file work.csv (CSV, C-alpha atoms and all ligand atoms)
chain,number,residue,atom,x,y,z
A,1,MET,CA,0.0,0.0,0.0
A,2,LEU,CA,1.4,3.4,-1.0
A,3,ILE,CA,0.1,6.9,-0.1
A,4,VAL,CA,0.0,9.6,-2.8
A,5,ARG,CA,-1.0,13.2,-3.2
A,6,GLY,CA,-2.7,14.5,-6.5
A,7,ALA,CA,-0.7,16.2,-9.2
A,8,VAL,CA,-2.2,19.6,-9.8
A,9,LYS,CA,-3.3,20.8,-13.3
A,10,ASP,CA,-3.9,24.5,-13.6
A,11,TYR,CA,-5.9,24.6,-16.9
A,12,ASP,CA,-7.6,28.0,-17.4
A,13,TRP,CA,-11.1,26.6,-17.0
A,14,GLY,CA,-10.4,25.7,-13.4
A,15,ILE,CA,-11.9,27.3,-10.3
A,16,VAL,CA,-9.5,29.7,-8.5
A,17,ASP,CA,-8.1,27.7,-5.6
A,18,GLY,CA,-11.0,25.3,-6.4
A,19,LEU,CA,-9.0,22.2,-5.3
A,20,ALA,CA,-7.1,23.9,-2.4
A,21,PRO,CA,-8.7,21.7,0.3
A,22,TRP,CA,-7.2,18.6,-1.5
A,23,SER,CA,-4.1,20.0,-3.1
A,24,GLY,CA,-2.8,21.8,0.0
A,25,ALA,CA,-1.8,24.7,-2.3
A,26,THR,CA,-3.3,28.0,-3.4
A,27,CYS,CA,-2.0,29.1,-6.8
A,28,GLY,CA,-4.8,30.5,-9.0
A,29,PRO,CA,-7.0,28.3,-11.2
A,30,GLN,CA,-7.0,24.7,-10.1
A,31,ALA,CA,-8.7,22.5,-12.7
A,32,GLU,CA,-7.7,18.9,-11.9
A,33,LEU,CA,-5.8,16.8,-9.4
A,34,TRP,CA,-4.5,13.6,-10.9
A,35,PHE,CA,-4.1,10.3,-8.9
A,36,GLY,CA,-2.4,7.7,-11.1
A,37,VAL,CA,0.7,7.0,-13.2
A,38,HIS,CA,-0.1,8.7,-16.4
A,39,PRO,CA,3.1,10.4,-17.6
A,40,GLY,CA,1.1,13.7,-18.0
A,41,GLY,CA,0.9,13.9,-14.2
A,42,PRO,CA,2.1,11.0,-12.1
A,43,SER,CA,1.1,11.3,-8.4
A,44,PRO,CA,3.9,12.1,-5.9
A,45,LEU,CA,4.4,9.6,-3.1
A,46,ILE,CA,4.1,10.6,0.5
A,47,GLY,CA,6.3,9.1,3.3
A,48,ASP,CA,5.4,8.1,6.9
A,49,ASP,CA,6.2,11.7,7.9
A,50,TRP,CA,3.6,13.0,5.4
A,51,GLU,CA,6.3,14.8,3.4
A,52,LEU,CA,6.9,14.2,-0.3
A,53,THR,CA,9.5,11.4,-0.8
A,54,GLY,CA,10.7,12.8,-4.2
A,55,GLU,CA,9.4,9.6,-6.0
A,56,ASN,CA,6.1,9.2,-7.8
A,57,LEU,CA,3.7,6.3,-8.3
A,58,GLY,CA,5.2,5.6,-11.7
A,59,ASP,CA,8.5,4.8,-10.1
A,60,ARG,CA,6.9,2.0,-8.2
A,61,PHE,CA,4.3,0.6,-10.5
A,62,ASP,CA,4.3,0.2,-14.3
A,63,VAL,CA,1.5,1.5,-16.5
A,64,GLU,CA,-0.2,-1.9,-16.8
A,65,ALA,CA,-0.5,-2.3,-13.0
A,66,ILE,CA,-2.3,1.0,-12.6
A,67,PRO,CA,-5.1,0.8,-15.3
A,68,LEU,CA,-7.1,3.7,-13.9
A,69,LEU,CA,-6.6,7.5,-13.5
A,70,VAL,CA,-8.7,9.2,-10.8
A,71,LYS,CA,-9.1,13.0,-10.8
A,72,LEU,CA,-10.7,15.7,-8.7
A,73,LEU,CA,-12.0,18.3,-11.1
A,74,ALA,CA,-13.2,21.8,-10.5
A,75,ALA,CA,-14.8,23.5,-13.5
A,76,ALA,CA,-15.6,27.3,-13.3
A,77,LYS,CA,-16.5,27.4,-17.0
A,78,PRO,CA,-17.3,25.0,-19.8
A,79,LEU,CA,-14.6,22.6,-20.8
A,80,SER,CA,-14.0,21.9,-24.5
A,81,VAL,CA,-16.6,19.9,-26.5
A,82,GLN,CA,-14.6,16.7,-26.7
A,83,VAL,CA,-14.6,13.0,-27.6
A,84,HIS,CA,-12.2,10.3,-26.5
A,85,PRO,CA,-11.0,7.4,-28.7
A,86,ARG,CA,-12.0,3.8,-28.1
A,87,ARG,CA,-9.2,1.2,-27.8
A,88,ARG,CA,-8.7,0.4,-31.5
A,89,VAL,CA,-8.8,4.0,-32.6
A,90,ALA,CA,-6.4,5.1,-29.9
A,91,LEU,CA,-3.9,2.4,-30.8
A,92,GLU,CA,-4.1,2.9,-34.6
A,93,GLN,CA,-3.9,6.7,-34.4
A,94,TYR,CA,-1.1,6.8,-31.8
A,95,ARG,CA,1.0,4.4,-33.8
A,96,ALA,CA,0.4,6.4,-37.0
A,97,GLN,CA,1.3,9.6,-35.2
A,98,GLN,CA,4.5,8.3,-33.6
A,99,SER,CA,5.7,6.8,-36.9
A,100,GLN,CA,5.8,10.4,-38.3
A,101,GLU,CA,8.7,12.6,-37.5
A,102,SER,CA,6.7,15.8,-37.5
A,103,GLY,CA,3.1,16.8,-37.4
A,104,PRO,CA,0.7,17.5,-34.6
A,105,ARG,CA,0.9,15.3,-31.5
A,106,ILE,CA,-2.9,14.8,-30.9
A,107,TYR,CA,-2.7,11.5,-29.0
A,108,SER,CA,-0.8,11.4,-25.8
A,109,ASP,CA,-0.9,7.6,-25.4
A,110,PRO,CA,-2.2,4.4,-27.2
A,111,PHE,CA,-5.1,3.8,-24.7
A,112,GLU,CA,-8.8,4.2,-24.6
A,113,LYS,CA,-10.3,6.9,-22.4
A,114,THR,CA,-13.6,5.8,-21.0
A,115,GLU,CA,-14.6,8.0,-18.0
A,116,MET,CA,-17.2,8.6,-15.3
A,117,LEU,CA,-17.9,11.7,-13.4
A,118,VAL,CA,-19.4,11.6,-9.9
A,119,ALA,CA,-20.8,15.0,-8.8
A,120,LEU,CA,-19.5,16.3,-5.5
A,121,THR,CA,-21.4,19.6,-6.0
A,122,GLU,CA,-24.3,20.4,-8.3
A,123,PHE,CA,-22.8,19.6,-11.7
A,124,GLU,CA,-23.9,20.5,-15.2
A,125,ALA,CA,-22.7,18.9,-18.5
A,126,PHE,CA,-23.5,18.6,-22.1
A,127,CYS,CA,-23.2,14.8,-22.8
A,128,GLY,CA,-24.4,12.5,-25.5
A,129,TRP,CA,-26.8,13.5,-28.3
A,130,ARG,CA,-29.9,15.6,-27.8
A,131,ALA,CA,-33.2,14.1,-29.0
A,132,MET,CA,-33.3,14.9,-32.7
A,133,ASP,CA,-36.6,16.9,-32.6
A,134,GLN,CA,-35.2,19.1,-29.9
A,135,ALA,CA,-31.9,19.7,-31.7
A,136,VAL,CA,-33.8,20.5,-34.9
A,137,SER,CA,-36.1,22.9,-33.3
A,138,MET,CA,-33.2,24.7,-31.5
A,139,LEU,CA,-31.1,24.9,-34.7
A,140,SER,CA,-34.1,26.0,-36.8
A,141,ALA,CA,-34.3,29.1,-34.6
A,142,ILE,CA,-30.8,30.2,-35.7
A,143,ASP,CA,-30.4,31.9,-39.1
A,144,GLY,CA,-29.0,30.0,-42.1
A,145,THR,CA,-28.7,26.6,-40.5
A,146,GLU,CA,-31.0,24.7,-43.1
A,147,ALA,CA,-28.2,22.5,-44.4
A,148,ALA,CA,-27.2,21.4,-40.9
A,149,VAL,CA,-30.8,20.7,-40.0
A,150,ALA,CA,-31.3,18.7,-43.2
A,151,ALA,CA,-28.2,16.6,-42.4
A,152,LEU,CA,-29.4,16.0,-38.9
A,153,ARG,CA,-32.8,14.8,-40.1
A,154,THR,CA,-31.2,12.3,-42.4
A,155,GLY,CA,-29.0,11.0,-39.6
A,156,LYS,CA,-25.8,12.4,-41.0
A,157,ILE,CA,-24.4,13.6,-37.7
A,158,ASP,CA,-20.8,14.0,-39.1
A,159,VAL,CA,-22.1,16.3,-41.9
A,160,ALA,CA,-24.2,18.3,-39.4
A,161,ILE,CA,-21.1,18.8,-37.2
A,162,ARG,CA,-18.9,20.0,-40.1
A,163,THR,CA,-21.7,22.3,-41.4
A,164,LEU,CA,-22.2,23.9,-38.0
A,165,LEU,CA,-18.5,24.5,-37.5
A,166,ASP,CA,-18.5,26.3,-40.9
A,167,LEU,CA,-21.5,28.3,-39.9
A,168,GLY,CA,-20.2,29.1,-36.4
A,169,THR,CA,-19.9,32.9,-36.7
A,170,PRO,CA,-20.4,35.4,-33.8
A,171,ASP,CA,-23.8,36.6,-35.1
A,172,ARG,CA,-25.2,33.0,-35.0
A,173,ILE,CA,-23.5,32.1,-31.7
A,174,ALA,CA,-25.3,35.2,-30.2
A,175,GLN,CA,-28.6,33.6,-31.2
A,176,LEU,CA,-28.0,30.5,-29.0
A,177,THR,CA,-29.8,31.7,-25.9
A,178,ARG,CA,-32.9,32.9,-27.8
A,179,ALA,CA,-33.0,29.6,-29.8
A,180,ALA,CA,-32.8,27.6,-26.6
A,181,ARG,CA,-35.7,29.6,-25.2
A,182,ASP,CA,-37.7,29.3,-28.4
A,183,ALA,CA,-37.2,25.5,-28.4
A,184,GLY,CA,-38.8,25.4,-25.0
A,185,LEU,CA,-35.8,24.2,-23.0
A,186,ALA,CA,-35.8,24.5,-19.2
A,187,PRO,CA,-34.4,27.7,-17.6
A,188,ALA,CA,-31.2,26.0,-16.4
A,189,GLU,CA,-30.5,24.7,-19.9
A,190,VAL,CA,-31.2,28.2,-21.4
A,191,ALA,CA,-28.7,29.6,-18.9
A,192,ALA,CA,-26.1,27.1,-20.0
A,193,TYR,CA,-26.4,28.3,-23.6
A,194,GLU,CA,-26.2,31.9,-22.3
A,195,THR,CA,-22.9,31.0,-20.6
A,196,VAL,CA,-21.5,29.3,-23.8
A,197,ALA,CA,-22.5,32.3,-25.9
A,198,ALA,CA,-21.0,34.8,-23.4
A,199,LEU,CA,-17.7,33.0,-22.9
A,200,TYR,CA,-17.1,31.7,-26.4
A,201,PRO,CA,-18.7,34.4,-28.7
A,202,ASP,CA,-16.3,33.6,-31.6
A,203,ASP,CA,-15.6,29.9,-31.1
A,204,ALA,CA,-17.3,28.0,-33.9
A,205,GLY,CA,-17.6,25.0,-31.7
A,206,ALA,CA,-20.3,26.8,-29.7
A,207,LEU,CA,-22.7,26.1,-32.6
A,208,VAL,CA,-22.2,22.3,-32.1
A,209,THR,CA,-23.6,22.4,-28.5
A,210,PRO,CA,-27.3,22.3,-29.6
A,211,LEU,CA,-26.5,18.7,-30.8
A,212,LEU,CA,-25.6,17.7,-27.3
A,213,ASP,CA,-28.0,16.7,-24.5
A,214,TYR,CA,-28.0,18.7,-21.2
A,215,LEU,CA,-27.5,17.0,-17.9
A,216,ALA,CA,-27.7,18.2,-14.3
A,217,LEU,CA,-26.3,16.0,-11.6
A,218,ALA,CA,-27.0,16.3,-7.8
A,219,PRO,CA,-24.1,15.5,-5.4
A,220,GLY,CA,-23.6,11.7,-5.5
A,221,GLU,CA,-25.1,11.2,-8.9
A,222,ALA,CA,-22.9,10.1,-11.8
A,223,VAL,CA,-22.6,10.0,-15.5
A,224,TYR,CA,-20.6,7.2,-17.3
A,225,VAL,CA,-19.2,8.4,-20.6
A,226,PRO,CA,-17.8,5.5,-22.7
A,227,ALA,CA,-15.1,6.5,-25.2
A,228,GLY,CA,-16.8,7.7,-28.4
A,229,VAL,CA,-19.5,9.8,-26.6
A,230,PRO,CA,-19.2,13.6,-27.2
A,231,HIS,CA,-19.4,15.8,-24.1
A,232,SER,CA,-18.5,19.1,-22.5
A,233,TYR,CA,-18.5,19.6,-18.7
A,234,ILE,CA,-20.1,22.9,-17.9
A,235,ARG,CA,-19.7,23.7,-14.2
A,236,GLY,CA,-19.1,22.1,-10.9
A,237,THR,CA,-16.7,20.0,-8.8
A,238,GLY,CA,-16.6,16.2,-9.3
A,239,LEU,CA,-14.7,13.0,-8.9
A,240,GLU,CA,-13.6,11.7,-12.3
A,241,VAL,CA,-12.6,8.1,-12.9
A,242,MET,CA,-11.2,6.9,-16.2
A,243,THR,CA,-9.0,4.4,-17.9
A,244,SER,CA,-5.4,5.7,-17.7
A,245,SER,CA,-5.4,7.9,-20.8
A,246,ASP,CA,-5.2,11.5,-21.7
A,247,ASN,CA,-6.5,11.2,-25.3
A,248,VAL,CA,-8.8,14.2,-25.8
A,249,VAL,CA,-9.9,15.2,-29.3
A,250,ARG,CA,-11.6,18.6,-29.4
A,251,LEU,CA,-14.4,20.1,-31.4
A,252,GLY,CA,-14.7,23.5,-29.8
A,253,LEU,CA,-15.0,25.7,-26.7
A,254,THR,CA,-11.3,25.8,-26.3
A,255,SER,CA,-8.1,27.7,-26.9
A,256,LYS,CA,-6.4,24.4,-27.7
A,257,PRO,CA,-6.3,23.0,-31.2
A,258,VAL,CA,-9.5,21.6,-32.7
A,259,HIS,CA,-9.2,18.4,-34.8
A,260,VAL,CA,-12.5,17.9,-36.6
A,261,ASP,CA,-11.6,14.8,-38.7
A,262,HIS,CA,-10.0,13.0,-35.7
A,263,ALA,CA,-13.0,13.9,-33.5
A,264,ILE,CA,-15.5,12.6,-36.0
A,265,ASN,CA,-13.4,9.5,-36.5
A,266,ALA,CA,-13.5,8.9,-32.7
A,267,LEU,CA,-17.3,9.4,-32.4
A,268,VAL,CA,-19.5,6.3,-32.0
A,269,PRO,CA,-22.9,7.8,-33.0
A,270,ASP,CA,-25.1,5.1,-31.5
A,271,LEU,CA,-23.4,5.0,-28.1
A,272,ARG,CA,-25.2,6.7,-25.1
A,273,PRO,CA,-23.9,7.9,-21.7
A,274,GLN,CA,-25.4,6.2,-18.7
A,275,VAL,CA,-26.7,8.4,-16.0
A,276,LEU,CA,-26.6,6.8,-12.5
A,277,ARG,CA,-29.0,8.5,-10.1
A,278,THR,CA,-27.5,6.8,-7.0
A,279,GLY,CA,-26.7,8.3,-3.6
A,280,HIS,CA,-23.7,8.4,-1.5
A,281,GLY,CA,-22.8,5.0,-0.2
A,282,ASP,CA,-24.2,3.1,-3.2
A,283,LEU,CA,-22.0,1.1,-5.5
A,284,ILE,CA,-21.8,2.9,-8.8
A,285,TRP,CA,-21.3,0.1,-11.4
A,286,PRO,CA,-22.1,1.1,-15.0
A,287,ILE,CA,-22.7,-1.7,-17.5
A,288,ASP,CA,-19.5,-2.9,-19.2
A,289,SER,CA,-17.4,-0.5,-17.1
A,290,PRO,CA,-13.7,-1.1,-16.5
A,291,PHE,CA,-14.2,0.2,-12.9
A,292,VAL,CA,-16.6,0.5,-10.0
A,293,VAL,CA,-16.8,3.3,-7.5
A,294,ARG,CA,-18.3,3.7,-4.1
A,295,VAL,CA,-18.5,7.1,-2.4
A,296,LEU,CA,-18.9,6.2,1.2
A,297,ARG,CA,-20.0,8.7,3.9
A,298,GLU,CA,-19.8,6.5,7.0
A,299,GLY,CA,-19.0,2.9,7.8
A,300,SER,CA,-16.6,0.1,6.8
A,301,GLU,CA,-15.9,-1.6,3.6
A,302,ARG,CA,-13.7,-4.5,2.7
A,303,ILE,CA,-12.0,-4.4,-0.7
A,304,LEU,CA,-10.6,-7.6,-2.0
A,305,SER,CA,-7.2,-8.4,-3.4
A,306,GLY,CA,-6.9,-9.3,-7.1
A,307,SER,CA,-7.6,-5.9,-8.7
A,308,TYR,CA,-6.1,-2.4,-8.6
A,309,ARG,CA,-7.8,-0.2,-5.9
A,310,ILE,CA,-7.5,3.4,-4.8
A,311,VAL,CA,-9.0,5.0,-1.8
A,312,LEU,CA,-9.3,8.8,-1.8
A,313,LEU,CA,-10.2,10.9,1.2
A,314,ILE,CA,-12.4,13.8,0.1
A,315,GLU,CA,-13.5,15.0,3.5
A,316,GLY,CA,-13.5,13.9,7.1
A,317,SER,CA,-11.4,10.9,8.0
A,318,ALA,CA,-10.6,7.5,6.7
A,319,ARG,CA,-8.4,4.6,7.9
A,320,VAL,CA,-7.2,1.9,5.6
A,321,GLU,CA,-6.0,-1.4,7.1
A,322,SER,CA,-4.5,-4.5,5.6
A,323,GLU,CA,-2.4,-7.3,7.1
A,324,GLU,CA,0.7,-5.6,5.7
A,325,ALA,CA,0.1,-1.9,6.4
A,326,GLU,CA,-2.3,0.7,7.8
A,327,SER,CA,-2.7,4.4,7.4
A,328,SER,CA,-5.1,7.2,8.4
A,329,LEU,CA,-5.5,9.3,5.3
A,330,ARG,CA,-5.3,13.0,5.2
A,331,ARG,CA,-7.7,15.1,3.1
A,332,GLY,CA,-6.6,15.0,-0.6
A,333,THR,CA,-4.4,11.9,-0.2
A,334,ALA,CA,-5.1,8.4,-1.5
A,335,ALA,CA,-4.1,4.9,-0.6
A,336,VAL,CA,-3.1,2.9,-3.6
A,337,LEU,CA,-3.2,-0.9,-3.6
A,338,GLY,CA,-2.0,-3.1,-6.5
A,339,ALA,CA,-3.7,-6.3,-7.5
A,340,GLY,CA,-1.1,-8.3,-5.6
A,341,ASP,CA,-1.6,-6.4,-2.3
A,342,PRO,CA,-3.8,-8.1,0.3
A,343,ASP,CA,-7.5,-7.4,1.1
A,344,ALA,CA,-8.0,-4.1,2.9
A,345,VAL,CA,-10.6,-2.7,5.2
A,346,ILE,CA,-11.6,1.0,5.0
A,347,HIS,CA,-13.3,2.8,7.9
A,348,ALA,CA,-14.8,6.0,6.7
A,349,GLN,CA,-16.3,9.1,8.4
A,350,GLY,CA,-16.9,12.0,6.0
A,351,LEU,CA,-16.6,11.3,2.3
A,352,VAL,CA,-14.3,8.7,0.9
A,353,ALA,CA,-14.1,7.5,-2.7
A,354,ILE,CA,-13.3,3.8,-3.2
A,355,ILE,CA,-12.4,2.9,-6.8
A,356,GLN,CA,-11.6,-0.6,-8.1
A,357,SER,CA,-10.6,-1.8,-11.5
A,358,THR,CA,-12.9,-4.6,-12.8
A,359,GLU,CA,-10.3,-5.8,-15.3
A,360,ARG,CA,-8.2,-8.8,-14.4
B,401,ZN,ZN,-13.8,13.9,-21.2
call {"tool": "encode", "arguments": {"input": "work.csv", "output": "structure tokens", "more": "lines below"}}
Ligand SMILES: [Zn+2]
result
Amino acid sequence: MLIVRGAVKDYDWGIVDGLAPWSGATCGPQAELWFGVHPGGPSPLIGDDWELTGENLGDRFDVEAIPLLVKLLAAAKPLSVQVHPRRRVALEQYRAQQSQESGPRIYSDPFEKTEMLVALTEFEAFCGWRAMDQAVSMLSAIDGTEAAVAALRTGKIDVAIRTLLDLGTPDRIAQLTRAARDAGLAPAEVAAYETVAALYPDDAGALVTPLLDYLALAPGEAVYVPAGVPHSYIRGTGLEVMTSSDNVVRLGLTSKPVHVDHAINALVPDLRPQVLRTGHGDLIWPIDSPFVVRVLREGSERILSGSYRIVLLIEGSARVESEEAESSLRRGTAAVLGAGDPDAVIHAQGLVAIIQSTER
């Protein structure tokens, strides 16, 4: 059993000091804290004296042994409209990219990125496809979108996306809020489009957001986003669990490069996200998921040897005991147990996330 701290990511969409309770640092926007071995942010190890040892988790485990990446995420404004590649696409595209001496480095690793977000506060997202009738009625309220609407009606989502990106001028983006209202969307949803139009007035990708479904999660609720499902997290603080990859292909709402062809190639049009309206303490186990998560408020839980496990203290106190080691976690630290480590028992009081790999 090893104890780690999260590696801080200060992306510009983060909440100012939004992760300070868990990062132990105040330094401006804090977007993500990473718990895992991904080379983009391997987690620093903590010694018995709670000081950093100078090593990170990747020095002790290889990538195959830590199949998951766990993050705390604090979004002050919408993250990019993005899609993650499935396993085959990630491998193919990464190999093709690495075989070229120059050119854009779009893929950071050869792995699938399937993810789940568990809301810790009220959390809003665009995720998956909006019902076609609703997307059509919203787009029809924006000038000059006939070609995109026609493509959508005939099920050509890729054509609709390319057309909307071509049409995404400031005058049309400024019509998003009224279009959402005209389409009869709920006030919270209209407000989300108002935010998009205000923050991204000249980002063509804003015009793609009417294609995406809107989702509001209460604390403890979760959305499982298999690779291939388009999404953009709008606002809130959450726990994010994913396969250990940082492959993100963007369509808009970003200052980073947009790769339309790659994003469309990574999309799986028929795939849907799964919304899990569970509460704290329930096991969150999406169908066909490579991981399961339990967010425990109070009580004890035994986690069995044989799979990768990570226990993250979000608030309160937690004690992790096995026959080889024991530790009382501090807020923002996590206990990491490899598949070969023994069973462990967790005693929680507060809010503790227990994440296990389901892959053998
Ligand atoms: Zn994502």
call {"tool": "residues_around", "arguments": {"input": "work.csv", "residues": "Asn247 of chain A", "least_positions_apart": "4", "cutoff": "7 Å", "atoms": "only C-alpha atoms", "output": "PyMOL selection string"}}
result
chain A and resi 84-85+107-109+113
call {"tool": "closest_residue", "arguments": {"input": "work.csv", "among": "A:Val190, A:Val63, A:Ala227, A:Ile15", "to": "ligand ZN 401 (chain B)", "atoms": "all atoms listed in the file"}}
result
A:Ala227
call {"tool": "residues_near_ligand", "arguments": {"input": "work.csv", "ligand": "ligand ZN 401 (chain B)", "cutoff": "8 Å", "atoms": "only C-alpha atoms and all ligand atoms", "output": "list of chain:residue names"}}
result
A:Gln82, A:Val83, A:His84, A:Lys113, A:Glu115, A:Val225, A:His231, A:Ser232, A:Tyr233, A:Val248
call {"tool": "write_last_selection", "arguments": {"input": "work.csv", "atoms": "C-alpha atoms", "output": "PDB file, keeping the file's coordinate frame"}}
result
ATOM      1  CA  GLN A  82     -14.600  16.700 -26.700  1.00  0.00           C
ATOM      2  CA  VAL A  83     -14.600  13.000 -27.600  1.00  0.00           C
ATOM      3  CA  HIS A  84     -12.200  10.300 -26.500  1.00  0.00           C
ATOM      4  CA  LYS A 113     -10.300   6.900 -22.400  1.00  0.00           C
ATOM      5  CA  GLU A 115     -14.600   8.000 -18.000  1.00  0.00           C
ATOM      6  CA  VAL A 225     -19.200   8.400 -20.600  1.00  0.00           C
ATOM      7  CA  HIS A 231     -19.400  15.800 -24.100  1.00  0.00           C
ATOM      8  CA  SER A 232     -18.500  19.100 -22.500  1.00  0.00           C
ATOM      9  CA  TYR A 233     -18.500  19.600 -18.700  1.00  0.00           C
ATOM     10  CA  VAL A 248      -8.800  14.200 -25.800  1.00  0.00           C
TER      11      VAL A 248
END
call {"tool": "residues_around", "arguments": {"input": "work.csv", "residues": "Ala131 of chain A", "least_positions_apart": "2", "cutoff": "12 Å", "atoms": "all atoms listed in the file", "output": "PyMOL selection string"}}
result
chain A and resi 127-129+133-138+152-153+155+210-214+272
call {"tool": "closest_residue", "arguments": {"input": "work.csv", "among": "A:Ala7, A:Val81, A:Leu69, A:Ile173", "to": "Ile355 of chain A", "atoms": "only C-alpha atoms"}}
result
A:Leu69
call {"tool": "residues_around", "arguments": {"input": "work.csv", "residues": "segment 318-323 of chain A", "least_positions_apart": "6", "cutoff": "10 Å", "atoms": "all atoms listed in the file", "output": "PyMOL selection string"}}
result
chain A and resi 1+297-303+311-312+329-331+334-335+337+341-352
call {"tool": "write_last_selection", "arguments": {"input": "work.csv", "atoms": "C-alpha atoms", "output": "compact mmCIF listing (two decimals), in the frame of the given file"}}
result
# COMPACT_ATOMS: atom_id res chain seq x y z
CA MET A 1 0.00 0.00 0.00
CA ARG A 297 -20.00 8.70 3.90
CA GLU A 298 -19.80 6.50 7.00
CA GLY A 299 -19.00 2.90 7.80
CA SER A 300 -16.60 0.10 6.80
CA GLU A 301 -15.90 -1.60 3.60
CA ARG A 302 -13.70 -4.50 2.70
CA ILE A 303 -12.00 -4.40 -0.70
CA VAL A 311 -9.00 5.00 -1.80
CA LEU A 312 -9.30 8.80 -1.80
CA LEU A 329 -5.50 9.30 5.30
CA ARG A 330 -5.30 13.00 5.20
CA ARG A 331 -7.70 15.10 3.10
CA ALA A 334 -5.10 8.40 -1.50
CA ALA A 335 -4.10 4.90 -0.60
CA LEU A 337 -3.20 -0.90 -3.60
CA ASP A 341 -1.60 -6.40 -2.30
CA PRO A 342 -3.80 -8.10 0.30
CA ASP A 343 -7.50 -7.40 1.10
CA ALA A 344 -8.00 -4.10 2.90
CA VAL A 345 -10.60 -2.70 5.20
CA ILE A 346 -11.60 1.00 5.00
CA HIS A 347 -13.30 2.80 7.90
CA ALA A 348 -14.80 6.00 6.70
CA GLN A 349 -16.30 9.10 8.40
CA GLY A 350 -16.90 12.00 6.00
CA LEU A 351 -16.60 11.30 2.30
CA VAL A 352 -14.30 8.70 0.90
call {"tool": "residues_around", "arguments": {"input": "work.csv", "residues": "segment 258-265 of chain A", "least_positions_apart": "2", "cutoff": "8 Å", "atoms": "all atoms listed in the file", "output": "list in words"}}
result
Gln82, Val83, His84, Asp158, Arg162, Val249, Arg250, Leu251, Gly252, Thr254, Lys256 and Leu267 of chain A
call {"tool": "closest_residue", "arguments": {"input": "work.csv", "among": "A:Ala147, A:Ala197, A:Ala96, A:Ala141", "to": "Asp182 of chain A", "atoms": "only C-alpha atoms"}}
result
A:Ala141
call {"tool": "residues_near_point", "arguments": {"input": "work.csv", "point": "(-26.6, 24.4, -16.5)", "cutoff": "12 Å", "atoms": "all atoms listed in the file", "output": "ChimeraX atom specification"}}
result
/A:76-78,122-127,185-196,213-218,232-236
call {"tool": "write_last_selection", "arguments": {"input": "work.csv", "atoms": "C-alpha atoms", "output": "PDB file, in the frame of the given file"}}
result
ATOM      1  CA  ALA A  76     -15.600  27.300 -13.300  1.00  0.00           C
ATOM      2  CA  LYS A  77     -16.500  27.400 -17.000  1.00  0.00           C
ATOM      3  CA  PRO A  78     -17.300  25.000 -19.800  1.00  0.00           C
ATOM      4  CA  GLU A 122     -24.300  20.400  -8.300  1.00  0.00           C
ATOM      5  CA  PHE A 123     -22.800  19.600 -11.700  1.00  0.00           C
ATOM      6  CA  GLU A 124     -23.900  20.500 -15.200  1.00  0.00           C
ATOM      7  CA  ALA A 125     -22.700  18.900 -18.500  1.00  0.00           C
ATOM      8  CA  PHE A 126     -23.500  18.600 -22.100  1.00  0.00           C
ATOM      9  CA  CYS A 127     -23.200  14.800 -22.800  1.00  0.00           C
ATOM     10  CA  LEU A 185     -35.800  24.200 -23.000  1.00  0.00           C
ATOM     11  CA  ALA A 186     -35.800  24.500 -19.200  1.00  0.00           C
ATOM     12  CA  PRO A 187     -34.400  27.700 -17.600  1.00  0.00           C
ATOM     13  CA  ALA A 188     -31.200  26.000 -16.400  1.00  0.00           C
ATOM     14  CA  GLU A 189     -30.500  24.700 -19.900  1.00  0.00           C
ATOM     15  CA  VAL A 190     -31.200  28.200 -21.400  1.00  0.00           C
ATOM     16  CA  ALA A 191     -28.700  29.600 -18.900  1.00  0.00           C
ATOM     17  CA  ALA A 192     -26.100  27.100 -20.000  1.00  0.00           C
ATOM     18  CA  TYR A 193     -26.400  28.300 -23.600  1.00  0.00           C
ATOM     19  CA  GLU A 194     -26.200  31.900 -22.300  1.00  0.00           C
ATOM     20  CA  THR A 195     -22.900  31.000 -20.600  1.00  0.00           C
ATOM     21  CA  VAL A 196     -21.500  29.300 -23.800  1.00  0.00           C
ATOM     22  CA  ASP A 213     -28.000  16.700 -24.500  1.00  0.00           C
ATOM     23  CA  TYR A 214     -28.000  18.700 -21.200  1.00  0.00           C
ATOM     24  CA  LEU A 215     -27.500  17.000 -17.900  1.00  0.00           C
ATOM     25  CA  ALA A 216     -27.700  18.200 -14.300  1.00  0.00           C
ATOM     26  CA  LEU A 217     -26.300  16.000 -11.600  1.00  0.00           C
ATOM     27  CA  ALA A 218     -27.000  16.300  -7.800  1.00  0.00           C
ATOM     28  CA  SER A 232     -18.500  19.100 -22.500  1.00  0.00           C
ATOM     29  CA  TYR A 233     -18.500  19.600 -18.700  1.00  0.00           C
ATOM     30  CA  ILE A 234     -20.100  22.900 -17.900  1.00  0.00           C
ATOM     31  CA  ARG A 235     -19.700  23.700 -14.200  1.00  0.00           C
ATOM     32  CA  GLY A 236     -19.100  22.100 -10.900  1.00  0.00           C
TER      33      GLY A 236
END
call {"tool": "atom_distance", "arguments": {"input": "work.csv", "atom1": "atom CA of Ala90 of chain A", "atom2": "atom CA of Phe111 of chain A"}}
result
5.5 Å
call {"tool": "closest_residue", "arguments": {"input": "work.csv", "among": "A:Gly332, A:Pro67, A:Gly228, A:Gly340", "to": "Ser317 of chain A", "atoms": "all atoms listed in the file"}}
result
A:Gly332
call {"tool": "residues_around", "arguments": {"input": "work.csv", "residues": "segment 278-289 of chain A", "least_positions_apart": "3", "cutoff": "10 Å", "atoms": "all atoms listed in the file", "output": "PyMOL selection string"}}
result
chain A and resi 114-116+118+120+218-226+242-243+273-275+292-299+351-355+357-359
call {"tool": "closest_residue", "arguments": {"input": "work.csv", "among": "A:Ser23, A:Gln175, A:Gln100, A:Ser43", "to": "Ile314 of chain A", "atoms": "all atoms listed in the file"}}
result
A:Ser23
